[in-house]
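J.: Below you will find the structure I want to go over with you.
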Amino acid sequence: MKVEPTAECPEPYILPDNVTLKVHETMQEDVGPLVSIFKVLSDPVRIHILRALEVSDLCVCVLVEITDYKHSALSYHLKLLKDANLVESKRERNFQTYYLTDFGRSLLQTIEYSINERFQKEL
């Protein structure tokens, strides 16, 4: 593929046909699941919940006690995290305890590692 010169690109820009095809296919892919994860991760409250669950499995009552969030607000955020398969819950006696799924733990660790690597390179 050859892109003719324009103000943005003063020289002809040439891409091999296989690259052009792959880029076109990539732009047509369904990115809905990826967008859903980024939406869930876009709220600081949910990031705080994930980080807390990285320390230990927790009951909502503990999260309410150590934060300024209301039970209903935390339940809403936990439901979104659960729907995204980032957390799961189990009943322990009279308590609903939440914990990170393997996917949630792996995703959080990958993001944190990548961010730490980026900042290390900037130093």
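We label chains A, B, ... in the order they appear in the structure tokens, count residues from 1 in each chain, and number ligands from 1 in the order shown.
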Compile the contact shell of Val62 (chain A) as a PyMOL selection string: residues with an atom at most 12 Å away, counting only C-alpha atoms, same-chain residues fewer than 5 positions apart removed.

T.: chain A and resi 49+52-53+56-57+67-71+74+95-98

J.: Restrict the selected residues to C-alpha atoms and save them as a PDB file, in the first residue's frame.

T.:
```pdb
ATOM      1  CA  ILE A  49     -10.584  -2.625  46.200  1.00  0.00           C
ATOM      2  CA  ALA A  52      -6.826  -4.362  49.167  1.00  0.00           C
ATOM      3  CA  LEU A  53      -7.817  -7.833  47.964  1.00  0.00           C
ATOM      4  CA  SER A  56      -6.020 -10.503  51.798  1.00  0.00           C
ATOM      5  CA  ASP A  57      -9.457 -11.947  51.130  1.00  0.00           C
ATOM      6  CA  THR A  67     -12.883   3.178  53.968  1.00  0.00           C
ATOM      7  CA  ASP A  68     -15.378   6.005  53.768  1.00  0.00           C
ATOM      8  CA  TYR A  69     -17.513   4.057  51.292  1.00  0.00           C
ATOM      9  CA  LYS A  70     -21.025   2.930  52.071  1.00  0.00           C
ATOM     10  CA  HIS A  71     -21.919  -0.753  51.934  1.00  0.00           C
ATOM     11  CA  LEU A  74     -18.878  -1.111  47.716  1.00  0.00           C
ATOM     12  CA  PHE A  95     -19.954 -13.177  55.852  1.00  0.00           C
ATOM     13  CA  GLN A  96     -19.567 -12.766  52.124  1.00  0.00           C
ATOM     14  CA  THR A  97     -15.801 -12.758  51.533  1.00  0.00           C
ATOM     15  CA  TYR A  98     -14.259 -11.458  48.323  1.00  0.00           C
TER      16      TYR A  98
END
```

J.: Considering only strand (DSSP E) as DSSP defines it on the backbone, what residues of chain A qualify? List them as a list in words.

T.: Lys2, Val3, Tyr13, Ile14, Leu58, Cys59, Val87, Glu88, Ser89, Lys90, Arg91, Glu92, Phe95, Gln96, Thr97, Tyr98, Tyr99 and Leu100 of chain A

J.: Could you check which of A:Gln28, A:Ser42, A:Asn94, A:Ser114 is closest to Leu80 (chain A), using only C-alpha atoms?

T.: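 Smallest separation from Leu80 (chain A) among the options: A:Ser42.
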
J.: Please indicate the distance in Å from CA of Thr110 (chain A) to CA of Tyr76 (chain A), rounded to one decimal place.

T.: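 One can read the CA of Thr110 (chain A) to CA of Tyr76 (chain A) distance as 25.0 Å.
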